[in-house]
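Let me begin by presenting the structure, written as structure tokens, before commenting on it.
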Amino acid sequence: MRGRSLGSFSWDRFTPFLLIAPSIVLIVIFVYGFIGYTAFVSTTTWYGIAPDYTSAGLSQYVDLFGLPRFQADISNTIEFTVLFLAACILLGFGSAVLLDQHVRGTIFFQNIFLFPLAISFVVTGTVWRWIFNPNFGINLLLDDVHLGFLKSPWLADTRTALFGLVIAATWQMSGFCMAMFLAGLRAIPDELREAARVDGATEGRLFLHVILPLMRPITLSAVIILGHISLKIFDLVYVMTFGGPGFATDMPNLYGRGAAIAMVLLFMVALLIVPYLVWSLRQEVER
């Protein structure tokens, strides 16, 4: 009995590890293994199709950051990310606050906000490229309502092309933020709001000191998810502008120096995600 008990205990202890072992092996090989291989290739002189593993050290990165096009790419990525995050969060949170008032037609407007999530960035880019066409689309609408002085080349102008991308991306992803914030608002107990009102809090103070602090984890999650999307944006840019005019909307994903750029993007994504993971781990430990 004692021997069987020890054998049973050992089997029960190692069974979970045996079940997840194939997944761990595959992740190590096809995720971290390929990341390591890409990092290695980025330090070689491999430029063409034929492999060339001659070591180049960090010269690939030095040359990359010295290129005017890549400098413009990084600047465009940062500007796009900041504008995209700000627009999505503000529009999504504002929409969620309005929909949380339980007015008639709430379900209808929720579906309208969520509809863009059902399509891909390729479809979104195709539609908005037509909308921003200088010869029709929004310019034609402005003519019809006698606001022709607001007409613009939009995607054909280096000053407005990046904003066109931000508008298209925000149109698609603001509904995601709305759904997250709306779920968070409706998870706040009514008793908590009533307790604040009984203590003399006005609606403004209730919003600032109760609702906004409770929305902080959701805001952080939205920033991480949307920031990750914006840093790796490719399909929307490719369909709408292909990086033009000039380098006004060019992104690192459109540049051809694959391995080194891939590692730079990985580092940028890590800068965004790792602090969130550390914060989440601390929250779990505190609980």
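Ordering of the structure tokens sets the chain letters (A, B, ...); residue numbers start at 1 within each chain; ligands are numbered from 1 in the order shown.
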Can you list, as a PyMOL selection string, every protein, DNA or RNA residue that comes within 12 Å of Ala86 of chain A when you count only C-alpha atoms, leaving out same-chain residues fewer than 2 positions away?
chain A and resi 79-84+88-94+166-167+169-170+173-174+177+219+222-223+226-227+230
Out of segment 99-276 of chain A, which residues get alpha helix (DSSP H) from DSSP, as a ChimeraX atom specification?
/A:99,106-114,121-131,138-144,161-186,190-198,203-206,212-214,216-231,235-240,258-276
Once you have the residues from the selection above, write them out as an mmCIF file, in the first residue's frame, restricted to C-alpha atoms.
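Everything below was put into selection-v4.cif:
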```
data_model
loop_
_atom_site.group_PDB
_atom_site.id
_atom_site.type_symbol
_atom_site.label_atom_id
_atom_site.label_comp_id
_atom_site.auth_asym_id
_atom_site.auth_seq_id
_atom_site.Cartn_x
_atom_site.Cartn_y
_atom_site.Cartn_z
ATOM 1 C CA LEU A 99 -24.102 54.193 -23.322
ATOM 2 C CA THR A 106 -28.268 51.429 -26.309
ATOM 3 C CA ILE A 107 -27.996 47.973 -27.879
ATOM 4 C CA PHE A 108 -28.314 49.462 -31.364
ATOM 5 C CA PHE A 109 -25.485 51.934 -30.784
ATOM 6 C CA GLN A 110 -23.323 49.253 -29.168
ATOM 7 C CA ASN A 111 -23.617 47.182 -32.327
ATOM 8 C CA ILE A 112 -22.747 50.199 -34.478
ATOM 9 C CA PHE A 113 -19.568 50.826 -32.472
ATOM 10 C CA LEU A 114 -18.585 47.151 -32.532
ATOM 11 C CA PHE A 121 -7.561 46.349 -41.561
ATOM 12 C CA VAL A 122 -7.276 45.549 -45.276
ATOM 13 C CA VAL A 123 -10.989 46.217 -45.788
ATOM 14 C CA THR A 124 -10.823 49.288 -43.553
ATOM 15 C CA GLY A 125 -7.883 50.644 -45.516
ATOM 16 C CA THR A 126 -9.641 50.092 -48.846
ATOM 17 C CA VAL A 127 -12.776 51.908 -47.690
ATOM 18 C CA TRP A 128 -10.955 54.859 -46.148
ATOM 19 C CA ARG A 129 -8.634 55.198 -49.132
ATOM 20 C CA TRP A 130 -11.763 55.770 -51.199
ATOM 21 C CA ILE A 131 -13.208 58.171 -48.618
ATOM 22 C CA ILE A 138 -15.297 63.328 -48.235
ATOM 23 C CA ASN A 139 -14.234 66.177 -50.557
ATOM 24 C CA LEU A 140 -17.362 65.673 -52.648
ATOM 25 C CA LEU A 141 -19.465 65.750 -49.469
ATOM 26 C CA LEU A 142 -17.840 69.014 -48.397
ATOM 27 C CA ASP A 143 -18.726 70.524 -51.771
ATOM 28 C CA ASP A 144 -22.347 69.414 -51.404
ATOM 29 C CA ALA A 161 -1.509 61.578 -44.603
ATOM 30 C CA LEU A 162 -0.582 60.237 -41.161
ATOM 31 C CA PHE A 163 -3.729 61.733 -39.635
ATOM 32 C CA GLY A 164 -5.747 59.858 -42.260
ATOM 33 C CA LEU A 165 -4.231 56.595 -41.030
ATOM 34 C CA VAL A 166 -5.028 57.529 -37.429
ATOM 35 C CA ILE A 167 -8.664 58.279 -38.314
ATOM 36 C CA ALA A 168 -9.080 54.963 -40.131
ATOM 37 C CA ALA A 169 -7.444 52.933 -37.347
ATOM 38 C CA THR A 170 -9.439 54.754 -34.662
ATOM 39 C CA TRP A 171 -12.687 54.098 -36.542
ATOM 40 C CA GLN A 172 -11.965 50.378 -36.406
ATOM 41 C CA MET A 173 -10.597 49.995 -32.878
ATOM 42 C CA SER A 174 -12.476 52.590 -30.785
ATOM 43 C CA GLY A 175 -15.360 50.133 -30.463
ATOM 44 C CA PHE A 176 -12.979 47.717 -28.734
ATOM 45 C CA CYS A 177 -12.197 50.368 -26.121
ATOM 46 C CA MET A 178 -15.889 51.175 -25.790
ATOM 47 C CA ALA A 179 -16.706 47.530 -25.029
ATOM 48 C CA MET A 180 -13.934 47.277 -22.424
ATOM 49 C CA PHE A 181 -14.882 50.505 -20.654
ATOM 50 C CA LEU A 182 -18.599 49.754 -20.804
ATOM 51 C CA ALA A 183 -18.030 46.364 -19.180
ATOM 52 C CA GLY A 184 -15.966 48.061 -16.484
ATOM 53 C CA LEU A 185 -18.582 50.752 -15.833
ATOM 54 C CA ARG A 186 -21.371 48.219 -15.512
ATOM 55 C CA ASP A 190 -24.704 50.684 -7.727
ATOM 56 C CA GLU A 191 -24.292 50.565 -3.944
ATOM 57 C CA LEU A 192 -20.840 52.135 -4.292
ATOM 58 C CA ARG A 193 -22.199 55.021 -6.317
ATOM 59 C CA GLU A 194 -25.101 55.535 -3.934
ATOM 60 C CA ALA A 195 -22.746 55.491 -0.943
ATOM 61 C CA ALA A 196 -20.674 58.260 -2.540
ATOM 62 C CA ARG A 197 -23.823 60.307 -3.209
ATOM 63 C CA VAL A 198 -25.004 59.826 0.383
ATOM 64 C CA GLU A 203 -21.735 63.708 -9.906
ATOM 65 C CA GLY A 204 -18.476 65.357 -10.943
ATOM 66 C CA ARG A 205 -16.644 64.222 -7.819
ATOM 67 C CA LEU A 206 -18.191 60.774 -8.136
ATOM 68 C CA LEU A 212 -11.986 57.047 -13.003
ATOM 69 C CA PRO A 213 -9.743 55.261 -10.455
ATOM 70 C CA LEU A 214 -11.713 52.045 -10.965
ATOM 71 C CA ARG A 216 -7.413 52.537 -14.387
ATOM 72 C CA PRO A 217 -6.714 48.788 -14.894
ATOM 73 C CA ILE A 218 -8.976 48.722 -17.969
ATOM 74 C CA THR A 219 -7.256 51.803 -19.381
ATOM 75 C CA LEU A 220 -3.872 50.179 -18.884
ATOM 76 C CA SER A 221 -5.024 46.987 -20.597
ATOM 77 C CA ALA A 222 -6.392 48.992 -23.529
ATOM 78 C CA VAL A 223 -3.110 50.891 -23.858
ATOM 79 C CA ILE A 224 -1.118 47.659 -23.922
ATOM 80 C CA ILE A 225 -3.335 45.933 -26.489
ATOM 81 C CA LEU A 226 -3.750 48.919 -28.805
ATOM 82 C CA GLY A 227 -0.113 49.931 -28.439
ATOM 83 C CA HIS A 228 0.954 46.445 -29.457
ATOM 84 C CA ILE A 229 -1.275 46.705 -32.548
ATOM 85 C CA SER A 230 -0.022 50.165 -33.498
ATOM 86 C CA LEU A 231 3.654 49.245 -33.223
ATOM 87 C CA ASP A 235 -1.741 46.047 -43.547
ATOM 88 C CA LEU A 236 -3.586 49.344 -43.020
ATOM 89 C CA VAL A 237 -0.549 51.396 -44.102
ATOM 90 C CA TYR A 238 0.171 49.102 -47.043
ATOM 91 C CA VAL A 239 -3.370 49.365 -48.402
ATOM 92 C CA MET A 240 -3.945 53.077 -47.790
ATOM 93 C CA GLY A 258 14.104 42.329 -41.917
ATOM 94 C CA ALA A 259 16.105 40.834 -39.048
ATOM 95 C CA ALA A 260 17.432 44.050 -37.507
ATOM 96 C CA ILE A 261 14.068 45.828 -37.824
ATOM 97 C CA ALA A 262 12.290 42.804 -36.343
ATOM 98 C CA MET A 263 14.496 43.001 -33.261
ATOM 99 C CA VAL A 264 13.938 46.753 -32.937
ATOM 100 C CA LEU A 265 10.166 46.220 -33.085
ATOM 101 C CA LEU A 266 10.442 43.387 -30.551
ATOM 102 C CA PHE A 267 12.306 45.729 -28.216
ATOM 103 C CA MET A 268 9.663 48.452 -28.652
ATOM 104 C CA VAL A 269 6.849 45.987 -27.940
ATOM 105 C CA ALA A 270 8.740 44.699 -24.894
ATOM 106 C CA LEU A 271 9.076 48.264 -23.564
ATOM 107 C CA LEU A 272 5.293 48.485 -23.690
ATOM 108 C CA ILE A 273 4.344 45.036 -22.412
ATOM 109 C CA VAL A 274 6.993 44.168 -19.791
ATOM 110 C CA PRO A 275 5.999 46.988 -17.380
ATOM 111 C CA TYR A 276 2.400 45.812 -17.653
#
```
Distance criterion (only C-alpha atoms): nearest to Gly57 of chain A out of A:Ala39, A:Ala248, A:Ala72, A:Met215:
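Under the stated criterion, the closest residue is A:Ala39.
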For a test of reading the model, state the distance in Å between atom CA of Tyr47 of chain A and atom CA of Val31 of chain A, rounded to one decimal.
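Here the two named atoms are 23.1 Å from each other.
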Interatomic distance between atom CA of Arg257 of chain A and atom CA of Thr43 of chain A?
11.9 Å
Counting only C-alpha atoms, which residue out of A:Ile233, A:Ile35, A:Leu147, A:Ala201 sits closest to Asn253 of chain A?
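Ranking A:Ile233, A:Ile35, A:Leu147, A:Ala201 by distance to Asn253 of chain A, first place goes to A:Ile233.
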Env of Phe65 of chain A: 12 Å cut, atoms = only C-alpha atoms, seq-sep filter 2 positions within chain, self excluded. Answer as a VMD selection string.
chain A and resid 58 to 63 67 to 75 252 257 260 to 261 264
